[in-house]
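One file, protein.cif, is given below (mmCIF, C-alpha atoms and all ligand atoms).
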```cif
data_protein
#
loop_
_atom_site.label_atom_id
_atom_site.label_comp_id
_atom_site.auth_asym_id
_atom_site.auth_seq_id
_atom_site.Cartn_x
_atom_site.Cartn_y
_atom_site.Cartn_z
CA MET Z 1 -1.54 -46.85 -147.63
CA LYS Z 2 -4.62 -48.10 -149.47
CA SER Z 3 -4.25 -51.71 -150.64
CA LEU Z 4 -6.18 -53.84 -153.10
CA ILE Z 5 -5.79 -57.60 -153.47
CA VAL Z 6 -6.75 -58.72 -156.98
CA PHE Z 7 -6.94 -62.44 -157.72
CA TYR Z 8 -8.52 -65.27 -159.64
CA SER Z 9 -8.97 -68.70 -158.13
CA LEU Z 10 -10.56 -71.82 -159.57
CA GLU Z 11 -10.09 -74.25 -156.69
CA GLY Z 12 -9.67 -71.97 -153.68
CA ASN Z 13 -5.91 -71.93 -153.06
CA THR Z 14 -5.28 -68.45 -154.43
CA ARG Z 15 -8.46 -67.20 -152.72
CA PHE Z 16 -7.22 -68.54 -149.38
CA ILE Z 17 -3.90 -66.68 -149.70
CA ALA Z 18 -5.61 -63.52 -151.01
CA GLN Z 19 -8.02 -63.46 -148.06
CA THR Z 20 -5.20 -64.08 -145.58
CA ILE Z 21 -3.20 -61.17 -147.01
CA ALA Z 22 -6.26 -58.89 -147.12
CA GLU Z 23 -6.99 -59.53 -143.44
CA GLU Z 24 -3.38 -58.93 -142.46
CA ILE Z 25 -2.99 -55.59 -144.25
CA LYS Z 26 -6.64 -54.50 -144.07
CA GLY Z 27 -6.88 -54.43 -147.85
CA ASP Z 28 -9.88 -54.54 -150.14
CA ILE Z 29 -10.50 -57.60 -152.28
CA LEU Z 30 -11.25 -57.83 -155.97
CA GLU Z 31 -11.96 -61.38 -157.13
CA LEU Z 32 -11.90 -61.78 -160.90
CA LYS Z 33 -14.75 -63.97 -162.14
CA PRO Z 34 -14.98 -65.01 -165.79
CA VAL Z 35 -18.51 -65.06 -167.19
CA ASN Z 36 -17.86 -68.61 -168.46
CA ASP Z 37 -15.45 -70.35 -166.12
CA ILE Z 38 -14.14 -73.91 -166.45
CA LYS Z 39 -16.83 -76.50 -166.02
CA GLN Z 40 -14.71 -79.54 -166.87
CA LYS Z 41 -13.48 -81.83 -164.12
CA GLY Z 42 -10.33 -83.90 -163.70
CA PHE Z 43 -7.87 -84.16 -166.55
CA MET Z 44 -10.16 -82.32 -169.00
CA ARG Z 45 -9.95 -79.33 -166.68
CA TYR Z 46 -6.18 -79.18 -167.13
CA LEU Z 47 -6.45 -79.67 -170.86
CA TRP Z 48 -9.10 -76.97 -171.39
CA GLY Z 49 -7.61 -74.47 -168.95
CA GLY Z 50 -4.06 -75.11 -170.13
CA LYS Z 51 -5.14 -74.47 -173.71
CA GLN Z 52 -6.84 -71.20 -172.74
CA ALA Z 53 -3.70 -70.05 -170.93
CA MET Z 54 -1.28 -71.09 -173.68
CA SER Z 55 -3.35 -69.47 -176.44
CA LYS Z 56 -3.46 -66.23 -174.38
CA LYS Z 57 -7.24 -66.28 -174.34
CA ILE Z 58 -8.91 -63.17 -172.90
CA PRO Z 59 -12.16 -64.26 -171.20
CA GLU Z 60 -14.99 -61.85 -170.48
CA LEU Z 61 -15.08 -60.98 -166.78
CA LYS Z 62 -18.12 -60.31 -164.65
CA PRO Z 63 -18.33 -56.59 -163.80
CA PHE Z 64 -16.58 -55.46 -160.63
CA ASP Z 65 -16.92 -52.39 -158.44
CA LYS Z 66 -13.30 -51.67 -157.44
CA ASN Z 67 -11.07 -49.26 -159.36
CA PRO Z 68 -7.37 -50.25 -159.13
CA ASN Z 69 -6.42 -46.62 -159.71
CA ASP Z 70 -7.86 -45.73 -156.28
CA TYR Z 71 -5.13 -47.74 -154.52
CA ASP Z 72 -1.44 -47.25 -153.66
CA LEU Z 73 -0.51 -50.94 -153.41
CA ILE Z 74 -1.99 -53.66 -155.60
CA VAL Z 75 -1.34 -57.27 -154.64
CA ILE Z 76 -2.06 -59.59 -157.57
CA GLY Z 77 -2.49 -63.36 -157.22
CA THR Z 78 -2.96 -66.13 -159.76
CA PRO Z 79 -2.87 -69.89 -159.97
CA VAL Z 80 -0.22 -71.21 -162.38
CA TRP Z 81 -1.86 -72.58 -165.51
CA ALA Z 82 0.40 -74.21 -168.10
CA PHE Z 83 3.48 -72.43 -166.70
CA THR Z 84 1.86 -68.99 -166.84
CA PHE Z 85 -0.84 -66.85 -165.20
CA ALA Z 86 -4.54 -67.66 -165.57
CA PRO Z 87 -6.54 -66.10 -168.44
CA ALA Z 88 -8.68 -64.03 -166.02
CA LEU Z 89 -5.55 -62.05 -165.15
CA ARG Z 90 -4.88 -61.42 -168.84
CA ALA Z 91 -8.39 -60.01 -169.09
CA PHE Z 92 -7.72 -57.78 -166.08
CA TYR Z 93 -4.45 -56.46 -167.55
CA SER Z 94 -6.05 -55.83 -170.94
CA LYS Z 95 -8.87 -53.76 -169.40
CA ASN Z 96 -6.94 -51.87 -166.69
CA LYS Z 97 -3.85 -49.85 -167.47
CA ILE Z 98 -1.96 -49.93 -164.19
CA GLN Z 99 0.86 -47.41 -163.84
CA ASN Z 100 3.00 -45.91 -161.07
CA LYS Z 101 1.72 -48.29 -158.41
CA LYS Z 102 3.41 -50.45 -155.83
CA ILE Z 103 2.76 -54.01 -156.98
CA ALA Z 104 3.25 -57.29 -155.12
CA LEU Z 105 2.77 -60.59 -156.93
CA PHE Z 106 1.99 -64.09 -155.77
CA CYS Z 107 1.05 -67.37 -157.36
CA CYS Z 108 -0.17 -70.79 -156.27
CA HIS Z 109 0.93 -73.91 -158.12
CA GLY Z 110 0.93 -77.66 -157.95
CA GLY Z 111 4.67 -78.07 -158.38
CA GLY Z 112 6.46 -75.01 -159.70
CA LYS Z 113 5.86 -71.36 -160.51
CA ALA Z 114 7.90 -71.57 -163.75
CA GLY Z 115 7.98 -68.14 -165.44
CA THR Z 116 4.58 -67.08 -164.11
CA LEU Z 117 5.63 -64.11 -161.99
CA ASN Z 118 8.07 -62.84 -164.64
CA LYS Z 119 5.28 -63.00 -167.21
CA MET Z 120 3.07 -61.01 -164.83
CA LYS Z 121 5.82 -58.41 -164.50
CA GLU Z 122 5.97 -58.05 -168.29
CA GLN Z 123 2.31 -56.93 -168.12
CA LEU Z 124 3.08 -54.41 -165.40
CA THR Z 125 5.92 -52.28 -166.68
CA GLY Z 126 5.86 -48.74 -165.31
CA ASN Z 127 5.17 -49.93 -161.78
CA ASN Z 128 7.32 -50.61 -158.74
CA ILE Z 129 7.40 -54.34 -157.91
CA VAL Z 130 7.78 -54.51 -154.12
CA GLY Z 131 7.49 -58.24 -153.56
CA GLU Z 132 6.91 -61.67 -155.04
CA ILE Z 133 6.19 -65.05 -153.52
CA ASP Z 134 4.75 -68.45 -154.46
CA PHE Z 135 2.84 -71.17 -152.63
CA MET Z 136 2.45 -74.85 -153.43
CA ASP Z 137 -1.24 -75.80 -153.18
CA PRO Z 138 -1.56 -74.10 -149.77
CA LEU Z 139 -4.93 -75.67 -148.95
CA ILE Z 140 -3.39 -79.13 -149.26
CA HIS Z 141 0.16 -78.66 -147.98
CA ASN Z 142 0.54 -77.16 -144.47
CA LYS Z 143 -2.35 -74.70 -144.62
CA GLU Z 144 -1.36 -72.99 -141.36
CA ASP Z 145 2.32 -72.66 -142.34
CA ASN Z 146 1.30 -71.15 -145.65
CA ALA Z 147 -1.03 -68.69 -143.91
CA ARG Z 148 1.84 -67.65 -141.64
CA LYS Z 149 4.16 -67.28 -144.66
CA ALA Z 150 1.54 -65.13 -146.44
CA LYS Z 151 1.02 -62.88 -143.40
CA GLU Z 152 4.74 -62.37 -142.87
CA TRP Z 153 5.19 -61.45 -146.54
CA ALA Z 154 2.19 -59.12 -146.42
CA ARG Z 155 3.64 -57.23 -143.46
CA LYS Z 156 6.91 -56.77 -145.38
CA ILE Z 157 5.32 -55.37 -148.53
CA VAL Z 158 3.44 -52.64 -146.67
CA LYS Z 159 6.53 -51.45 -144.76
C1 LIG Z 201 -5.80 -75.62 -166.08
C2 LIG Z 201 -4.75 -75.85 -165.02
C3 LIG Z 201 -3.40 -75.80 -165.37
C4 LIG Z 201 -2.41 -75.97 -164.40
N1 LIG Z 201 -1.08 -75.87 -164.76
C5 LIG Z 201 -0.12 -75.97 -163.80
C6 LIG Z 201 1.27 -75.83 -164.13
O1 LIG Z 201 1.66 -75.59 -165.29
N2 LIG Z 201 2.20 -75.95 -163.15
C7 LIG Z 201 1.83 -76.19 -161.83
O2 LIG Z 201 2.72 -76.30 -160.96
N3 LIG Z 201 0.52 -76.33 -161.48
C8 LIG Z 201 -0.46 -76.21 -162.43
N4 LIG Z 201 -1.79 -76.32 -162.07
C9 LIG Z 201 -2.14 -76.49 -160.63
C10 LIG Z 201 -2.57 -75.17 -159.99
O3 LIG Z 201 -1.70 -74.11 -160.33
C11 LIG Z 201 -2.57 -75.29 -158.46
O4 LIG Z 201 -3.33 -76.39 -158.05
C12 LIG Z 201 -3.07 -74.01 -157.78
O5 LIG Z 201 -2.80 -74.08 -156.40
C13 LIG Z 201 -4.57 -73.84 -158.01
O6 LIG Z 201 -4.97 -72.57 -157.52
P1 LIG Z 201 -6.53 -72.26 -157.25
O7 LIG Z 201 -7.00 -73.29 -156.21
O8 LIG Z 201 -6.55 -70.89 -156.69
O9 LIG Z 201 -7.28 -72.41 -158.52
C14 LIG Z 201 -2.78 -76.19 -163.04
C15 LIG Z 201 -4.15 -76.24 -162.70
C16 LIG Z 201 -5.12 -76.08 -163.67
C17 LIG Z 201 -6.59 -76.13 -163.29
#
```
Encoding of this model in structure tokens:
Amino acid sequence: MKSLIVFYSLEGNTRFIAQTIAEEIKGDILELKPVNDIKQKGFMRYLWGGKQAMSKKIPELKPFDKNPNDYDLIVIGTPVWAFTFAPALRAFYSKNKIQNKKIALFCCHGGGKAGTLNKMKEQLTGNNIVGEIDFMDPLIHNKEDNARKAKEWARKIVK
């Protein structure tokens, strides 16, 4: 089975989980990079990013060289921003019509996933959701445990 791990990460947590999964299932990686990403620091970062997420902003993404249609399983990861998925994912969904794929979803958050994964699923109707999982700031809280959790989950979704 050919697997692609698609993700966006501002501070590295989602990237860490995405890379761990990719290594475990020998998948390809597609990191989504907005042309203009957040430059603000501290509280202003939350305010600006939260506003972008809540207003369903669709940022322009840098070009990428992977075609999701070439894969059987697509693992999609996002940080939680203002109780939903990050704007870069909205840009990905708006540009790529994904259908009839196995999809596995994960998110990283600072306290709770809220409705994030359900909102992702709403963007992915017509696919088979084979797994979902969330991680609380995995780079800060028990990095090794979170890596183990990600690997175990990855093995399950490719079975
Ligand atoms: C703009 C912004 C909004 C956020 N909103 C939430 C939130 O609503 N709920 C939550 O639990 N964490 C929230 N967080 C924390 C991140 O989801 C969390 O730190 C995540 O692990 C970051 O992933 P990353 O390192 O891949 O960017 C927010 C972070 C940012 C930058």
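Between ligand LIG 201 (chain Z) and the residues Z:Leu105, Z:Ala154, Z:Val80, Z:Met120, the shortest atom-to-atom distance, using only C-alpha atoms and all ligand atoms, involves Z:Val80.
Nearest to ligand LIG 201 (chain Z) of all the residues Z:Gly131, Z:Gly12, Z:Pro87, Z:Pro68 is Z:Gly12, based on only C-alpha atoms and all ligand atoms.
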Return as a compact mmCIF listing (two decimals) with C-alpha atoms, in the frame of the given file every polymer residue, whether protein, DNA or RNA, with at least one atom no more than 10 Å from an atom of ligand LIG 201 (chain Z); count only C-alpha atoms and all ligand atoms.
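Okay, this is what ended up in pocket-v7.txt:
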```
# COMPACT_ATOMS: atom_id res chain seq x y z
CA PHE Z 7 -6.94 -62.44 -157.72
CA TYR Z 8 -8.52 -65.27 -159.64
CA SER Z 9 -8.97 -68.70 -158.13
CA LEU Z 10 -10.56 -71.82 -159.57
CA GLU Z 11 -10.09 -74.25 -156.69
CA GLY Z 12 -9.67 -71.97 -153.68
CA ASN Z 13 -5.91 -71.93 -153.06
CA THR Z 14 -5.28 -68.45 -154.43
CA ARG Z 15 -8.46 -67.20 -152.72
CA PHE Z 16 -7.22 -68.54 -149.38
CA ILE Z 17 -3.90 -66.68 -149.70
CA ALA Z 18 -5.61 -63.52 -151.01
CA ILE Z 38 -14.14 -73.91 -166.45
CA GLN Z 40 -14.71 -79.54 -166.87
CA LYS Z 41 -13.48 -81.83 -164.12
CA GLY Z 42 -10.33 -83.90 -163.70
CA PHE Z 43 -7.87 -84.16 -166.55
CA MET Z 44 -10.16 -82.32 -169.00
CA ARG Z 45 -9.95 -79.33 -166.68
CA TYR Z 46 -6.18 -79.18 -167.13
CA LEU Z 47 -6.45 -79.67 -170.86
CA TRP Z 48 -9.10 -76.97 -171.39
CA GLY Z 49 -7.61 -74.47 -168.95
CA GLY Z 50 -4.06 -75.11 -170.13
CA LYS Z 51 -5.14 -74.47 -173.71
CA GLN Z 52 -6.84 -71.20 -172.74
CA ALA Z 53 -3.70 -70.05 -170.93
CA MET Z 54 -1.28 -71.09 -173.68
CA GLY Z 77 -2.49 -63.36 -157.22
CA THR Z 78 -2.96 -66.13 -159.76
CA PRO Z 79 -2.87 -69.89 -159.97
CA VAL Z 80 -0.22 -71.21 -162.38
CA TRP Z 81 -1.86 -72.58 -165.51
CA ALA Z 82 0.40 -74.21 -168.10
CA PHE Z 83 3.48 -72.43 -166.70
CA THR Z 84 1.86 -68.99 -166.84
CA PHE Z 85 -0.84 -66.85 -165.20
CA ALA Z 86 -4.54 -67.66 -165.57
CA PRO Z 87 -6.54 -66.10 -168.44
CA CYS Z 107 1.05 -67.37 -157.36
CA CYS Z 108 -0.17 -70.79 -156.27
CA HIS Z 109 0.93 -73.91 -158.12
CA GLY Z 110 0.93 -77.66 -157.95
CA GLY Z 111 4.67 -78.07 -158.38
CA GLY Z 112 6.46 -75.01 -159.70
CA LYS Z 113 5.86 -71.36 -160.51
CA ALA Z 114 7.90 -71.57 -163.75
CA GLY Z 115 7.98 -68.14 -165.44
CA THR Z 116 4.58 -67.08 -164.11
CA ASP Z 134 4.75 -68.45 -154.46
CA PHE Z 135 2.84 -71.17 -152.63
CA MET Z 136 2.45 -74.85 -153.43
CA ASP Z 137 -1.24 -75.80 -153.18
CA PRO Z 138 -1.56 -74.10 -149.77
CA LEU Z 139 -4.93 -75.67 -148.95
CA ILE Z 140 -3.39 -79.13 -149.26
```
Q. How many Å separate atom CA of Z:Asn146 from atom CA of Z:Gly27?
A. 18.7 Å
Q: Could you check which of Z:His141, Z:Leu4, Z:Ile25, Z:Ala88 is closest to Z:Arg155, using all atoms listed in the file?
A: Z:Ile25
Q. Using only C-alpha atoms, which of the listed residues (Z:Lys56, Z:Lys119, Z:Lys66, Z:Lys159) sits closest to Z:Lys102?
A. Z:Lys159
Q. Just how far from atom CA of Z:Ile58 is atom CA of Z:Asn36, in Å to one decimal?
A. 11.4 Å
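You can rank Z:Trp153, Z:Phe64, Z:Tyr71, Z:Phe106 by their closest distance to Z:Phe92 using only C-alpha atoms, and at the top of that list sits Z:Phe64.
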